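> Next comes entry.txt, compact mmCIF, C-alpha atoms:
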```
# COMPACT_ATOMS: atom_id res chain seq x y z
CA MET A 1 -2.91 -2.88 -24.86
CA GLU A 2 -5.11 -1.15 -27.40
CA SER A 3 -4.17 -1.33 -31.05
CA VAL A 4 -3.42 1.84 -32.98
CA GLY A 5 -6.46 1.29 -35.22
CA SER A 6 -8.72 1.01 -32.20
CA ILE A 7 -7.41 4.25 -30.75
CA ILE A 8 -7.82 6.03 -34.10
CA MET A 9 -11.39 4.76 -34.35
CA TYR A 10 -12.12 6.02 -30.83
CA VAL A 11 -10.72 9.46 -31.71
CA ILE A 12 -12.86 9.61 -34.86
CA ILE A 13 -16.00 8.68 -32.90
CA ALA A 14 -15.16 11.19 -30.14
CA LEU A 15 -14.62 13.95 -32.72
CA ALA A 16 -17.94 13.08 -34.36
CA ILE A 17 -19.70 13.36 -31.00
CA VAL A 18 -18.10 16.73 -30.27
CA VAL A 19 -18.70 18.18 -33.76
CA PHE A 20 -22.32 17.04 -34.01
CA SER A 21 -23.03 18.17 -30.44
CA VAL A 22 -21.75 21.65 -31.21
CA LEU A 23 -23.69 21.74 -34.49
CA THR A 24 -26.83 20.65 -32.61
CA VAL A 25 -26.79 23.67 -30.36
CA THR A 26 -25.45 26.24 -32.82
CA THR A 27 -27.54 25.72 -35.94
CA ARG A 28 -30.50 28.03 -36.47
CA LYS A 29 -32.62 25.52 -38.41
CA ILE A 30 -34.48 23.38 -35.94
CA LEU A 31 -34.85 20.25 -38.09
CA ARG A 32 -31.12 20.30 -38.82
CA SER A 33 -30.55 20.52 -35.10
CA ALA A 34 -32.66 17.39 -34.56
CA THR A 35 -30.71 15.62 -37.32
CA TYR A 36 -27.38 16.55 -35.73
CA LEU A 37 -28.72 15.26 -32.41
CA LEU A 38 -29.53 11.97 -34.13
CA PHE A 39 -25.94 11.74 -35.43
CA THR A 40 -24.62 12.47 -31.93
CA LEU A 41 -26.75 9.66 -30.48
CA PHE A 42 -25.58 7.23 -33.18
CA ALA A 43 -21.95 8.11 -32.46
CA THR A 44 -22.58 7.51 -28.75
CA ALA A 45 -23.98 4.09 -29.64
CA ALA A 46 -20.78 3.44 -31.62
CA VAL A 47 -18.77 4.10 -28.45
CA TYR A 48 -20.87 1.51 -26.60
CA PHE A 49 -20.38 -1.02 -29.40
CA LYS A 50 -16.63 -0.34 -29.41
CA LEU A 51 -16.52 -1.06 -25.67
CA ASP A 52 -18.35 -4.38 -26.31
CA TYR A 53 -21.53 -3.20 -24.58
CA GLU A 54 -23.86 -4.50 -27.26
CA PHE A 55 -26.96 -4.22 -25.09
CA LEU A 56 -26.33 -0.56 -24.23
CA GLY A 57 -25.55 0.24 -27.86
CA ALA A 58 -28.79 -1.38 -29.00
CA VAL A 59 -30.77 0.47 -26.31
CA GLN A 60 -29.08 3.73 -27.32
CA ILE A 61 -30.20 3.26 -30.92
CA ALA A 62 -33.68 1.93 -30.15
CA VAL A 63 -34.68 4.30 -27.36
CA TYR A 64 -32.75 7.50 -27.86
CA ALA A 65 -31.97 7.61 -31.56
CA GLY A 66 -35.36 6.16 -32.41
CA GLY A 67 -37.90 7.29 -29.89
CA ILE A 68 -36.53 10.52 -28.50
CA VAL A 69 -35.60 12.03 -31.88
CA VAL A 70 -39.04 11.13 -33.24
CA LEU A 71 -40.54 12.86 -30.19
CA PHE A 72 -38.37 15.92 -30.81
CA VAL A 73 -39.29 16.13 -34.48
CA PHE A 74 -42.98 15.63 -33.63
CA SER A 75 -42.77 18.44 -31.07
CA ILE A 76 -40.94 20.69 -33.51
CA LEU A 77 -43.51 20.15 -36.23
CA LEU A 78 -46.33 20.85 -33.77
CA THR A 79 -44.92 24.07 -32.40
CA SER A 80 -43.07 25.83 -35.22
CA HIS A 81 -42.66 26.20 -38.94
CA PRO A 82 -39.83 23.81 -39.85
CA GLY A 83 -38.62 25.71 -42.91
CA HIS A 84 -37.98 29.00 -41.13
CA ASN A 85 -34.85 30.04 -39.34
CA SER A 86 -35.21 30.75 -35.66
CA GLU A 87 -34.55 34.31 -34.65
CA ARG A 88 -31.12 35.15 -33.34
CA LEU A 89 -31.04 35.14 -29.56
CA VAL A 90 -29.74 38.32 -27.96
CA SER A 91 -28.53 38.08 -24.40
CA ARG A 92 -27.08 40.70 -22.14
CA LYS A 93 -25.67 38.00 -19.89
CA ARG A 94 -23.26 36.55 -22.44
CA ALA A 95 -20.29 37.16 -20.11
CA VAL A 96 -21.98 35.19 -17.32
CA GLY A 97 -22.69 32.31 -19.70
CA MET A 98 -19.14 32.27 -21.04
CA THR A 99 -17.77 32.33 -17.48
CA ALA A 100 -20.00 29.41 -16.51
CA ALA A 101 -18.96 27.49 -19.64
CA LEU A 102 -15.28 28.12 -18.92
CA ALA A 103 -15.69 27.02 -15.28
CA THR A 104 -17.44 23.84 -16.43
CA LEU A 105 -14.65 23.16 -18.92
CA ILE A 106 -11.99 23.61 -16.22
CA ILE A 107 -13.81 21.33 -13.76
CA ALA A 108 -14.42 18.64 -16.40
CA GLY A 109 -10.79 18.88 -17.54
CA TYR A 110 -9.54 18.52 -13.98
CA ALA A 111 -11.79 15.49 -13.43
CA LEU A 112 -10.50 13.91 -16.64
CA VAL A 113 -6.82 14.58 -15.93
CA SER A 114 -7.04 13.46 -12.31
CA ARG A 115 -8.42 10.11 -13.43
CA CYS A 116 -5.81 9.51 -16.14
CA ALA A 117 -3.60 7.62 -13.69
CA MET A 118 -6.24 4.88 -13.67
CA MET A 119 -5.57 4.25 -17.37
CA PHE A 120 -2.06 3.04 -16.63
CA SER A 121 -2.87 0.77 -13.71
CA PRO A 122 -3.93 -2.81 -14.41
CA LEU A 123 -7.65 -3.38 -14.18
CA PRO A 124 -9.22 -6.55 -12.79
CA GLU A 125 -10.77 -8.92 -15.29
CA MET A 126 -14.38 -7.94 -15.95
CA GLN A 127 -17.23 -10.13 -17.03
CA ASN A 128 -20.25 -9.10 -19.04
CA PRO A 129 -23.33 -9.08 -16.82
CA SER A 130 -26.24 -11.33 -17.64
CA MET A 131 -29.55 -9.94 -18.91
CA LYS A 132 -31.12 -10.84 -15.56
CA THR A 133 -28.53 -8.73 -13.72
CA ILE A 134 -29.04 -5.78 -16.09
CA GLY A 135 -32.82 -6.01 -15.76
CA SER A 136 -32.84 -6.25 -11.98
CA THR A 137 -30.40 -3.33 -11.72
CA LEU A 138 -32.39 -1.10 -14.07
CA MET A 139 -35.79 -1.91 -12.58
CA GLY A 140 -34.86 -2.43 -8.93
CA THR A 141 -35.65 -0.11 -6.05
CA GLY A 142 -32.67 -0.81 -3.81
CA SER A 143 -29.37 1.00 -3.42
CA GLY A 144 -27.58 1.41 -6.75
CA GLU A 145 -30.67 0.52 -8.77
CA TYR A 146 -32.41 2.79 -11.23
CA LEU A 147 -36.20 2.53 -11.11
CA LEU A 148 -36.73 5.96 -9.53
CA PRO A 149 -34.59 7.90 -12.07
CA PHE A 150 -36.26 5.94 -14.88
CA GLU A 151 -39.71 6.93 -13.64
CA ALA A 152 -38.62 10.56 -13.12
CA ILE A 153 -37.46 10.76 -16.73
CA SER A 154 -40.72 9.24 -17.97
CA VAL A 155 -42.71 11.88 -16.04
CA LEU A 156 -40.45 14.60 -17.51
CA LEU A 157 -41.06 13.31 -21.05
CA LEU A 158 -44.81 13.18 -20.40
CA ALA A 159 -44.70 16.80 -19.20
CA CYS A 160 -42.85 17.77 -22.40
CA ILE A 161 -45.49 16.10 -24.55
CA ILE A 162 -48.32 17.80 -22.65
CA GLY A 163 -46.51 21.15 -22.93
CA GLY A 164 -46.05 20.69 -26.68
CA VAL A 165 -49.73 19.90 -27.15
CA ALA A 166 -50.73 22.89 -24.99
CA VAL A 167 -48.52 25.24 -27.02
CA ALA A 168 -49.86 23.82 -30.30
CA ARG A 169 -53.47 24.27 -29.15
CA LYS A 170 -52.94 27.97 -28.41
CA ARG A 171 -51.92 28.54 -32.02
```
Step by step, read the file and then write its structure as structure tokens.


Amino acid sequence: MESVGSIIMYVIIALAIVVFSVLTVTTRKILRSATYLLFTLFATAAVYFKLDYEFLGAVQIAVYAGGIVVLFVFSILLTSHPGHNSERLVSRKRAVGMTAALATLIIAGYALVSRCAMMFSPLPEMQNPSMKTIGSTLMGTGSGEYLLPFEAISVLLLACIIGGVAVARKR
């Protein structure tokens, strides 16, 4: 059974993720948004460390918090003036967006509540996988392995970099 301190720490980390995620998408200063994203990624790494997934926590910090945020800030500095506020977005489809957000919240809430019964059933004893198992799963091409999604994300990031350079050249 989890200790009370562990549960409190989880709640603090979860609140940090929620607060910084909301701040990331609601702030009008783009460099602040990138900073809030960095805090969100660090808090996500804290969840991995709390679950004793040291490898995933280290990858989260090294790849996402390090590389991706640097890429974002580089793209931001190439394409805009970092000291200026972005203009306020005006949308006539605000009702559609709020309806979609509410539907997503209801579906996610249902998925969370329907799985809560699993929290009270005893789980089998788990073992930490070896580095060889993690590597072969991440870079394998078989069923349940992740090489194709990894390559798709790398192509997406390359397209983002090329798009940022193309936008910067036009200015």

> Using all atoms listed in the file, find the one residue out of A:Ala62, A:Ile13, A:Ile68, A:Ala100 that sits nearest to Ser154 (chain A).

A:Ile68

> Do a neighbour search on region 132-142 of chain A at 10 Å with all atoms listed in the file, toss out local chain neighbours closer than 5 positions, and write the hits as a PDB file with C-alpha atoms, in the frame of the given file.


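Contents of result19.pdb, as written:
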```pdb
ATOM      1  CA  PHE A  55     -26.960  -4.220 -25.090  1.00  0.00           C
ATOM      2  CA  LEU A 147     -36.200   2.530 -11.110  1.00  0.00           C
ATOM      3  CA  LEU A 148     -36.730   5.960  -9.530  1.00  0.00           C
ATOM      4  CA  PRO A 149     -34.590   7.900 -12.070  1.00  0.00           C
ATOM      5  CA  PHE A 150     -36.260   5.940 -14.880  1.00  0.00           C
ATOM      6  CA  GLU A 151     -39.710   6.930 -13.640  1.00  0.00           C
TER       7      GLU A 151
END
```

> Pick the closest to Val167 (chain A) from A:Ile76, A:Ala34, A:Ala45, A:Tyr53: which is it, counting all atoms listed in the file?

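Ranking A:Ile76, A:Ala34, A:Ala45, A:Tyr53 by distance to Val167 (chain A), first place goes to A:Ile76.
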
> I need the residue nearest Leu51 (chain A) from this list: A:Ile7, A:Leu37, A:Ala101, A:Ala108. Use only C-alpha atoms for the distance.

A:Ile7

> What's the separation between CA of Ser3 (chain A) and CA of Ala43 (chain A), in Å to one decimal place?

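For CA of Ser3 (chain A) relative to CA of Ala43 (chain A), the distance reads 20.2 Å.
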
> Go through A:Ser143, A:Ser6, A:Thr40, A:Ser33 and flag the residue nearest Ala65 (chain A), using only C-alpha atoms for the distances.

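Among the listed residues, the smallest separation from Ala65 (chain A) belongs to A:Thr40.
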
> Give me, as a ChimeraX atom specification, all polymer residues having an atom no more than 12 Å from Thr24 (chain A), counting all atoms listed in the file and skipping those fewer than 3 positions away in the same chain.

/A:16-21,27-41

> For a test of reading the model, state the distance in Å between CA of Val11 (chain A) and CA of Ile106 (chain A), rounded to one decimal.

21.0 Å

> Rounded to one decimal place, report the CA of Val22 (chain A)-CA of Thr44 (chain A) distance in Å.

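These atoms are spaced 14.4 Å apart.
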
> Could you pull region 95-117 of chain A out of the structure just shown and give N, CA and C atoms as a JSON list (two decimals), in the first residue's frame?


```
[["chain", "number", "residue", "atom", "x", "y", "z"],
["A", 95, "ALA", "N", -17.68, 27.91, -29.74],
["A", 95, "ALA", "CA", -18.64, 26.94, -29.22],
["A", 95, "ALA", "C", -18.29, 25.53, -29.66],
["A", 96, "VAL", "N", -17.85, 25.38, -30.91],
["A", 96, "VAL", "CA", -17.45, 24.06, -31.41],
["A", 96, "VAL", "C", -16.22, 23.56, -30.63],
["A", 97, "GLY", "N", -15.27, 24.44, -30.41],
["A", 97, "GLY", "CA", -14.07, 24.06, -29.66],
["A", 97, "GLY", "C", -14.39, 23.69, -28.23],
["A", 98, "MET", "N", -15.27, 24.46, -27.58],
["A", 98, "MET", "CA", -15.64, 24.14, -26.20],
["A", 98, "MET", "C", -16.41, 22.82, -26.13],
["A", 99, "THR", "N", -17.26, 22.57, -27.12],
["A", 99, "THR", "CA", -17.99, 21.30, -27.17],
["A", 99, "THR", "C", -17.04, 20.13, -27.34],
["A", 100, "ALA", "N", -16.05, 20.29, -28.22],
["A", 100, "ALA", "CA", -15.06, 19.22, -28.43],
["A", 100, "ALA", "C", -14.23, 19.01, -27.17],
["A", 101, "ALA", "N", -13.85, 20.09, -26.49],
["A", 101, "ALA", "CA", -13.08, 19.97, -25.25],
["A", 101, "ALA", "C", -13.89, 19.27, -24.17],
["A", 102, "LEU", "N", -15.17, 19.61, -24.06],
["A", 102, "LEU", "CA", -16.03, 18.98, -23.07],
["A", 102, "LEU", "C", -16.23, 17.50, -23.39],
["A", 103, "ALA", "N", -16.42, 17.16, -24.66],
["A", 103, "ALA", "CA", -16.56, 15.75, -25.04],
["A", 103, "ALA", "C", -15.29, 14.97, -24.73],
["A", 104, "THR", "N", -14.14, 15.57, -24.99],
["A", 104, "THR", "CA", -12.87, 14.91, -24.67],
["A", 104, "THR", "C", -12.72, 14.70, -23.17],
["A", 105, "LEU", "N", -13.11, 15.71, -22.39],
["A", 105, "LEU", "CA", -13.05, 15.58, -20.93],
["A", 105, "LEU", "C", -13.96, 14.46, -20.43],
["A", 106, "ILE", "N", -15.16, 14.35, -20.98],
["A", 106, "ILE", "CA", -16.09, 13.30, -20.56],
["A", 106, "ILE", "C", -15.55, 11.92, -20.93],
["A", 107, "ILE", "N", -15.01, 11.78, -22.13],
["A", 107, "ILE", "CA", -14.47, 10.48, -22.55],
["A", 107, "ILE", "C", -13.26, 10.09, -21.71],
["A", 108, "ALA", "N", -12.36, 11.05, -21.47],
["A", 108, "ALA", "CA", -11.18, 10.77, -20.65],
["A", 108, "ALA", "C", -11.58, 10.44, -19.22],
["A", 109, "GLY", "N", -12.57, 11.16, -18.69],
["A", 109, "GLY", "CA", -13.05, 10.87, -17.34],
["A", 109, "GLY", "C", -13.67, 9.49, -17.24],
["A", 110, "TYR", "N", -14.46, 9.12, -18.24],
["A", 110, "TYR", "CA", -15.05, 7.78, -18.25],
["A", 110, "TYR", "C", -13.97, 6.70, -18.30],
["A", 111, "ALA", "N", -12.95, 6.92, -19.15],
["A", 111, "ALA", "CA", -11.87, 5.94, -19.25],
["A", 111, "ALA", "C", -11.13, 5.81, -17.92],
["A", 112, "LEU", "N", -10.93, 6.94, -17.24],
["A", 112, "LEU", "CA", -10.23, 6.90, -15.95],
["A", 112, "LEU", "C", -11.06, 6.20, -14.89],
["A", 113, "VAL", "N", -12.34, 6.55, -14.81],
["A", 113, "VAL", "CA", -13.21, 5.96, -13.79],
["A", 113, "VAL", "C", -13.44, 4.48, -14.05],
["A", 114, "SER", "N", -13.57, 4.09, -15.30],
["A", 114, "SER", "CA", -13.82, 2.68, -15.60],
["A", 114, "SER", "C", -12.62, 1.80, -15.28],
["A", 115, "ARG", "N", -11.45, 2.39, -15.21],
["A", 115, "ARG", "CA", -10.25, 1.62, -14.90],
["A", 115, "ARG", "C", -9.86, 1.67, -13.42],
["A", 116, "CYS", "N", -10.63, 2.41, -12.62],
["A", 116, "CYS", "CA", -10.29, 2.54, -11.21],
["A", 116, "CYS", "C", -10.41, 1.23, -10.45],
["A", 117, "ALA", "N", -11.23, 0.31, -10.92],
["A", 117, "ALA", "CA", -11.36, -0.98, -10.26],
["A", 117, "ALA", "C", -10.04, -1.74, -10.27]]
```
